[in-house]
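Pasting my_file19.cif here (mmCIF, C-alpha atoms):
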```
data_data
loop_
_atom_site.label_atom_id
_atom_site.label_comp_id
_atom_site.auth_asym_id
_atom_site.auth_seq_id
_atom_site.Cartn_x
_atom_site.Cartn_y
_atom_site.Cartn_z
CA MET A 10 0.00 0.00 0.00
CA PRO A 11 1.64 3.26 -1.06
CA ASN A 12 1.87 5.53 1.93
CA THR A 13 4.08 8.47 1.09
CA TYR A 14 3.22 11.66 -0.74
CA THR A 15 6.11 13.74 -2.05
CA LEU A 16 5.47 17.06 -3.74
CA ILE A 17 7.37 16.86 -7.03
CA SER A 18 6.36 20.24 -8.39
CA SER A 19 3.62 22.85 -8.23
CA ASN A 20 2.46 26.04 -9.86
CA VAL A 21 -0.04 28.72 -8.86
CA LEU A 22 -0.88 30.90 -11.83
CA SER A 23 -0.02 34.54 -11.27
CA SER A 24 -1.64 35.39 -14.59
CA SER A 25 -4.04 33.49 -16.82
CA ALA A 26 -2.76 30.61 -18.94
CA ALA A 27 -4.23 28.32 -21.56
CA SER A 28 -2.49 25.20 -20.33
CA VAL A 29 -0.17 23.87 -17.67
CA THR A 30 2.30 21.06 -18.31
CA PHE A 31 4.39 19.07 -15.88
CA SER A 32 7.34 17.82 -17.93
CA ALA A 33 10.43 15.70 -17.25
CA ILE A 34 8.55 13.80 -14.55
CA PRO A 35 11.01 11.52 -12.72
CA SER A 36 10.33 7.78 -12.91
CA THR A 37 11.36 7.11 -9.33
CA TYR A 38 7.92 6.92 -7.73
CA THR A 39 5.31 4.19 -7.72
CA ASP A 40 2.27 6.33 -8.54
CA LEU A 41 1.52 9.93 -9.46
CA VAL A 42 -1.24 12.21 -8.21
CA VAL A 43 -2.15 15.55 -9.76
CA ARG A 44 -4.26 17.80 -7.55
CA PHE A 45 -5.59 21.07 -8.83
CA SER A 46 -7.97 23.95 -8.21
CA VAL A 47 -9.06 25.69 -11.39
CA ARG A 48 -11.38 28.31 -12.83
CA GLY A 49 -11.73 29.28 -16.48
CA ASP A 50 -12.56 32.43 -18.41
CA ARG A 51 -15.22 30.94 -20.71
CA ALA A 52 -18.40 33.05 -20.83
CA ASP A 53 -20.43 30.22 -19.32
CA ARG A 54 -20.79 28.65 -15.89
CA ARG A 55 -18.43 25.82 -16.78
CA ASP A 56 -15.68 24.61 -19.10
CA LEU A 57 -14.29 21.14 -19.75
CA LEU A 58 -10.90 20.09 -18.42
CA MET A 59 -8.71 18.37 -21.02
CA VAL A 60 -5.75 16.13 -20.21
CA GLY A 61 -2.94 14.97 -22.47
CA LEU A 62 -0.01 12.67 -21.69
CA ASN A 63 3.53 12.67 -23.11
CA SER A 64 2.95 15.64 -25.42
CA SER A 65 -0.42 14.19 -26.45
CA SER A 66 1.21 11.10 -27.92
CA ILE A 67 -0.88 8.66 -25.86
CA ASN A 68 -4.49 7.73 -26.59
CA ILE A 69 -6.78 8.01 -23.56
CA SER A 70 -10.24 6.44 -23.45
CA CYS A 71 -12.75 7.38 -20.75
CA THR A 72 -15.98 6.37 -19.04
CA TYR A 73 -17.56 9.00 -16.80
CA LEU A 74 -20.43 9.68 -14.43
CA TYR A 75 -21.55 13.15 -13.51
CA SER A 76 -24.29 14.88 -11.60
CA THR A 77 -25.48 18.45 -11.86
CA TYR A 78 -26.63 20.08 -8.64
CA SER A 79 -29.52 22.16 -10.03
CA SER A 80 -31.27 19.24 -11.68
CA GLY A 81 -30.01 16.45 -9.48
CA VAL A 82 -29.80 14.43 -12.66
CA GLY A 83 -26.98 11.95 -13.04
CA GLN A 84 -25.55 11.28 -16.45
CA SER A 85 -22.93 8.97 -17.80
CA GLY A 86 -21.04 8.46 -21.00
CA ARG A 87 -17.86 7.42 -22.61
CA ASP A 88 -15.43 8.98 -25.00
CA THR A 89 -13.54 7.21 -27.71
CA ALA A 90 -9.79 7.21 -27.43
CA ALA A 91 -8.19 10.60 -28.00
CA THR A 92 -4.83 12.16 -27.34
CA SER A 93 -6.52 14.97 -25.41
CA ALA A 94 -9.36 13.65 -23.26
CA GLY A 95 -12.12 15.40 -21.31
CA PHE A 96 -11.78 14.96 -17.53
CA GLY A 97 -14.80 16.90 -16.24
CA TYR A 98 -16.43 20.28 -15.87
CA PHE A 99 -14.91 23.12 -13.88
CA ASP A 100 -16.05 26.61 -12.90
CA ALA A 101 -15.96 29.31 -15.56
CA ALA A 102 -16.77 33.00 -15.81
CA SER A 103 -20.45 32.98 -14.91
CA ALA A 104 -20.07 30.70 -11.90
CA THR A 105 -20.12 32.47 -8.52
CA SER A 106 -17.21 34.92 -8.33
CA ASN A 107 -13.96 33.53 -7.03
CA THR A 108 -15.14 29.94 -6.84
CA PHE A 109 -12.83 27.26 -8.15
CA ALA A 110 -13.32 23.60 -9.02
CA SER A 111 -11.17 21.04 -7.24
CA GLY A 112 -9.94 17.78 -8.64
CA GLU A 113 -7.53 14.92 -8.50
CA ILE A 114 -6.07 12.58 -11.09
CA TYR A 115 -4.44 9.35 -9.90
CA LEU A 116 -1.99 7.52 -12.17
CA PRO A 117 -0.83 4.19 -10.73
CA ASN A 118 2.33 2.52 -12.03
CA TYR A 119 2.93 5.50 -14.32
CA ALA A 120 6.50 4.49 -15.11
CA GLY A 121 5.69 0.84 -15.77
CA SER A 122 5.79 -0.88 -19.15
CA THR A 123 2.12 -1.88 -19.17
CA THR A 124 -0.94 0.05 -20.29
CA LYS A 125 -2.29 2.21 -17.48
CA PRO A 126 -5.64 2.88 -15.82
CA ILE A 127 -6.31 6.40 -14.54
CA GLY A 128 -8.84 7.42 -11.88
CA SER A 129 -10.07 10.99 -11.46
CA ILE A 130 -12.64 13.15 -9.74
CA LEU A 131 -13.54 16.79 -10.30
CA MET A 132 -16.02 18.87 -8.33
CA SER A 133 -17.05 22.36 -9.37
CA GLU A 134 -18.35 24.92 -6.90
CA ASP A 135 -21.08 27.42 -7.45
CA ASN A 136 -22.74 28.82 -4.36
CA SER A 137 -25.83 30.24 -6.03
CA THR A 138 -27.04 28.11 -8.88
CA THR A 139 -25.47 25.02 -10.34
CA ALA A 140 -22.46 22.81 -9.77
CA ASP A 141 -21.24 19.54 -11.19
CA GLY A 142 -19.59 16.47 -9.72
CA TRP A 143 -17.62 14.24 -12.06
CA ALA A 144 -15.99 10.83 -11.59
CA GLN A 145 -14.09 9.12 -14.36
CA ALA A 146 -12.30 5.89 -15.13
CA SER A 147 -9.79 6.34 -17.93
CA PHE A 148 -7.28 4.18 -19.69
CA ALA A 149 -3.97 5.27 -21.20
CA ASN A 150 -3.28 2.93 -24.07
CA SER A 151 0.51 2.99 -24.00
CA THR A 152 3.31 0.95 -22.50
CA ALA A 153 5.55 4.02 -22.35
CA ALA A 154 6.33 5.62 -19.01
CA ILE A 155 4.38 8.82 -18.43
CA THR A 156 6.86 11.67 -18.49
CA SER A 157 4.60 14.67 -19.00
CA ILE A 158 1.05 15.65 -18.10
CA ASN A 159 -0.76 18.55 -19.75
CA LEU A 160 -3.93 20.15 -18.38
CA SER A 161 -5.91 22.58 -20.52
CA ARG A 162 -9.48 23.76 -21.12
CA LEU A 163 -11.67 23.01 -24.11
CA PHE A 164 -13.96 25.97 -24.73
CA GLY A 165 -12.54 29.09 -23.09
CA SER A 166 -9.19 30.73 -23.61
CA ASN A 167 -7.57 30.34 -20.21
CA PHE A 168 -7.37 29.10 -16.66
CA VAL A 169 -7.57 32.27 -14.58
CA SER A 170 -4.97 33.63 -12.20
CA GLY A 171 -5.06 31.80 -8.86
CA SER A 172 -5.63 28.40 -10.44
CA SER A 173 -3.20 25.98 -8.83
CA PHE A 174 -1.60 22.69 -9.84
CA TYR A 175 0.32 20.19 -7.71
CA LEU A 176 2.09 17.02 -8.78
CA TYR A 177 2.82 14.41 -6.12
CA GLY A 178 4.81 11.21 -6.30
CA ILE A 179 3.74 8.28 -4.16
CA SER A 180 6.21 5.62 -3.14
CA LYS A 181 5.21 2.24 -1.83
CA SER A 182 6.24 1.55 1.73
CA MET B 16 -1.72 36.99 -25.28
CA THR B 17 -2.58 33.40 -24.40
CA THR B 18 0.26 31.49 -22.83
CA ALA B 19 1.21 27.91 -22.08
CA VAL B 20 2.99 27.20 -18.81
CA GLU B 21 5.47 24.35 -18.50
CA ILE B 22 7.01 23.20 -15.24
CA ASN B 23 10.13 21.08 -15.70
CA CYS B 24 10.03 18.68 -12.77
CA GLU B 25 13.73 17.87 -13.10
CA THR B 26 15.04 21.42 -13.03
CA GLY B 27 12.13 23.25 -11.41
CA ILE B 28 12.27 25.81 -14.20
CA VAL B 29 8.91 27.30 -15.18
CA THR B 30 8.59 28.40 -18.79
CA GLU B 31 5.82 30.58 -20.19
CA ARG B 32 5.41 30.90 -23.93
CA PRO B 33 2.68 32.16 -26.24
CA LEU B 34 0.52 29.53 -27.92
CA THR B 35 1.50 28.85 -31.50
CA ALA B 36 -0.93 29.52 -34.35
CA ASP B 37 -1.27 25.75 -34.81
CA GLU B 38 -2.16 25.24 -31.15
CA ILE B 39 -4.77 28.01 -31.28
CA ALA B 40 -6.29 26.54 -34.45
CA ALA B 41 -6.36 23.04 -32.92
CA ASN B 42 -8.06 24.40 -29.78
CA GLU B 43 -10.70 26.18 -31.82
CA ALA B 44 -11.37 23.12 -33.96
CA ALA B 45 -11.71 20.85 -30.90
CA ALA B 46 -14.08 23.30 -29.19
CA ALA B 47 -16.23 23.62 -32.31
CA GLN B 48 -16.39 19.84 -32.70
CA ALA B 49 -17.37 19.37 -29.05
CA ALA B 50 -20.04 22.06 -29.28
CA ALA B 51 -21.50 20.42 -32.37
CA ALA B 52 -21.55 17.01 -30.66
CA GLN B 53 -23.26 18.51 -27.62
CA HIS B 54 -25.85 20.22 -29.83
CA GLU B 55 -26.50 16.94 -31.63
CA ALA B 56 -26.95 15.04 -28.34
CA GLU B 57 -29.35 17.67 -27.03
CA ALA B 58 -31.38 17.57 -30.25
CA GLU B 59 -31.55 13.77 -30.05
CA ALA B 60 -32.69 13.88 -26.41
CA ALA B 61 -35.36 16.46 -27.30
CA ALA B 62 -36.63 14.29 -30.16
CA VAL B 63 -36.90 11.25 -27.86
CA ALA B 64 -38.78 13.29 -25.23
CA GLU B 65 -41.15 14.62 -27.87
CA ALA B 66 -41.85 11.12 -29.24
CA LYS B 67 -42.50 9.83 -25.71
CA GLU B 68 -44.94 12.65 -25.00
CA SER B 69 -46.74 12.01 -28.27
CA ALA B 70 -47.01 8.27 -27.54
CA GLN B 71 -48.39 8.96 -24.06
CA ALA B 72 -51.00 11.33 -25.51
CA LYS B 73 -52.11 8.67 -28.00
CA LEU B 74 -52.38 6.04 -25.24
CA ALA B 75 -54.44 8.44 -23.14
CA ALA B 76 -56.73 9.02 -26.14
CA LEU B 77 -57.26 5.25 -26.31
CA GLY B 78 -58.55 5.35 -22.75
CA LEU B 79 -55.52 4.28 -20.69
CA THR B 80 -55.18 5.95 -17.28
CA ALA B 81 -52.05 7.84 -16.27
CA ASP B 82 -51.10 4.96 -13.94
CA GLU B 83 -51.48 2.44 -16.74
CA ILE B 84 -49.37 4.53 -19.09
CA ALA B 85 -46.69 4.93 -16.41
CA ALA B 86 -46.71 1.16 -15.78
CA LEU B 87 -45.80 0.53 -19.41
CA SER B 88 -42.44 2.23 -19.03
CA LYS B 89 -41.49 0.44 -15.79
#
```

Rewrite the structure from the file as structure tokens, please.
Amino acid sequence: MPNTYTLISSNVLSSSAASVTFSAIPSTYTDLVVRFSVRGDRADRRDLLMVGLNSSSINISCTYLYSTYSSGVGQSGRDTAATSAGFGYFDAASATSNTFASGEIYLPNYAGSTTKPIGSILMSEDNSTTADGWAQASFANSTAAITSINLSRLFGSNFVSGSSFYLYGISKS
Amino acid sequence: MTTAVEINCETGIVTERPLTADEIAANEAAAAQAAAAQHEAEAEAAAVAEAKESAQAKLAALGLTADEIAALSK
């Protein structure tokens, strides 16, 4: 059972940015965890988080479940394999001011030579109207070690200033 | 200017660069494609809901009660 979290790298945006990439990820850990808090500038209450691995050279397929607070309706779906995959909705410009969505992506055995499952959750926050909760099982169809992780948004132009990104390595005990 | 941020985990160096024209074009194409797919899914869901409503109205016209109509979809 992995029991150690080591912060490999982090970044808090001091100005808006379209994407954030962790590159040259060391292969010395057992698992990786990306934790983030993000808000976008799309003129809507939400945007879609996109994730790419190894400079978008790896196909990722996904199955997801999500619920929207205002309707209480749960929905599910799956995406065909793509080199940039949707990982859930996050707060955008018309969500309550200064609210951010929080999420985590877990990549077990990221440096191994087998194909890799990926687990993730993402919860948006909107204190007045609507928010989404998103859980996803993904699959990275590559035997290559994961050496870079890119997070971006689909519809808007940027993650806003104050969005934060943390990459942890987990070592087995 | 829209920028991409890269954090090199080996060196700790953070690089900010403007998106290339190709990256901007790819982003726009992906967003347009996703919006079209969403529109299509919404239209399909609306068509299904409309057909269901129409079928229920026809069943009611045949004399079925609301409970009987609801039981058909359980």

(request) Output as a ChimeraX atom specification the set of chain A residues within 6 Å of chain B, with distances taken over only C-alpha atoms. (result) /A:18,26-34,163-164

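Among A:Thr39, A:Ser170, A:Ser180, A:Thr77, the residue with the shortest atom-to-atom distance to A:Gly121, counting all atoms listed in the file, is A:Thr39.
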
(request) Can you work out the spacing between atom CA of A:Ile158 and atom CA of B:Ala41 in Å, to one decimal? (result) 18.1 Å

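We find atom CA of B:Ala85 and atom CA of B:Ala62 to be spaced 19.4 Å apart.
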
(message) For a quick check of understanding, using only C-alpha atoms, which of A:Leu176, A:Met132, A:Ala120, A:Ile69 has the smallest distance to A:Thr37?
(response) A:Ala120

(message) Quick check, in Å to one decimal: how far apart do atom CA of A:Ser106 and atom CA of A:Leu160 lie?
(response)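 Taking atom CA of A:Ser106 and atom CA of A:Leu160, their separation equals 22.3 Å.
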
What do you get, as a tab-separated table (two decimals) with C-alpha atoms, keeping the file's coordinate frame, if you spell out every residue that the PyMOL selection byres ((chain A and resi 16) around 10) selects here?
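The result, written out as out-v7.tsv:
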```
chain	number	residue	atom	x	y	z
A	13	THR	CA	4.08	8.47	1.09
A	14	TYR	CA	3.22	11.66	-0.74
A	15	THR	CA	6.11	13.74	-2.05
A	17	ILE	CA	7.37	16.86	-7.03
A	18	SER	CA	6.36	20.24	-8.39
A	19	SER	CA	3.62	22.85	-8.23
A	41	LEU	CA	1.52	9.93	-9.46
A	42	VAL	CA	-1.24	12.21	-8.21
A	43	VAL	CA	-2.15	15.55	-9.76
A	175	TYR	CA	0.32	20.19	-7.71
A	176	LEU	CA	2.09	17.02	-8.78
A	177	TYR	CA	2.82	14.41	-6.12
A	178	GLY	CA	4.81	11.21	-6.30
A	179	ILE	CA	3.74	8.28	-4.16
```

(message) My list of candidates is A:Thr92, A:Ala140, A:Arg44, A:Ser157. Which is closest to A:Asn63 when distances are computed with all atoms listed in the file?
(response)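 Once distances to A:Asn63 are computed over all atoms listed in the file, the minimum belongs to A:Ser157.
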
(message) I'd like the residues picked by the PyMOL selection byres ((chain A and resi 107) around 12) written out as a list in words, using the chain letters and numbers from the file.
(response)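 The output of the PyMOL selection byres ((chain A and resi 107) around 12) on this file is Ser46, Val47, Arg48, Gly49, Asp50, Asp100, Ala101, Ala102, Ser103, Ala104, Thr105, Ser106, Thr108, Phe109, Ala110, Ser133, Glu134, Asp135, Asn136, Val169, Ser170, Gly171 and Ser172 of chain A.
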
(message) When the PyMOL selection byres ((chain A and resi 112) around 6) is applied to the structure above, which residues does it catch, written out as a list in words?
(response)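 Matching residues under the PyMOL selection byres ((chain A and resi 112) around 6) are Arg44, Phe45, Ser111, Glu113, Ile130 and Leu131 of chain A.
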
(request) Give the answer as one residue: which of A:Ser147, A:Ser173, A:Asn118, A:Thr123 has the shortest atom-to-atom distance to A:Gly86, using all atoms listed in the file? (result) A:Ser147

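Remark: for A:Gly165, the closest of the candidate residues A:Ala90, A:Ser66, A:Asp40, A:Phe99 is A:Phe99 (distances computed over only C-alpha atoms).
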
(message) Nearest residue to A:Ser65 out of A:Asn150, A:Asn12, A:Asn167, A:Gln84, using all atoms listed in the file?
(response) A:Asn150
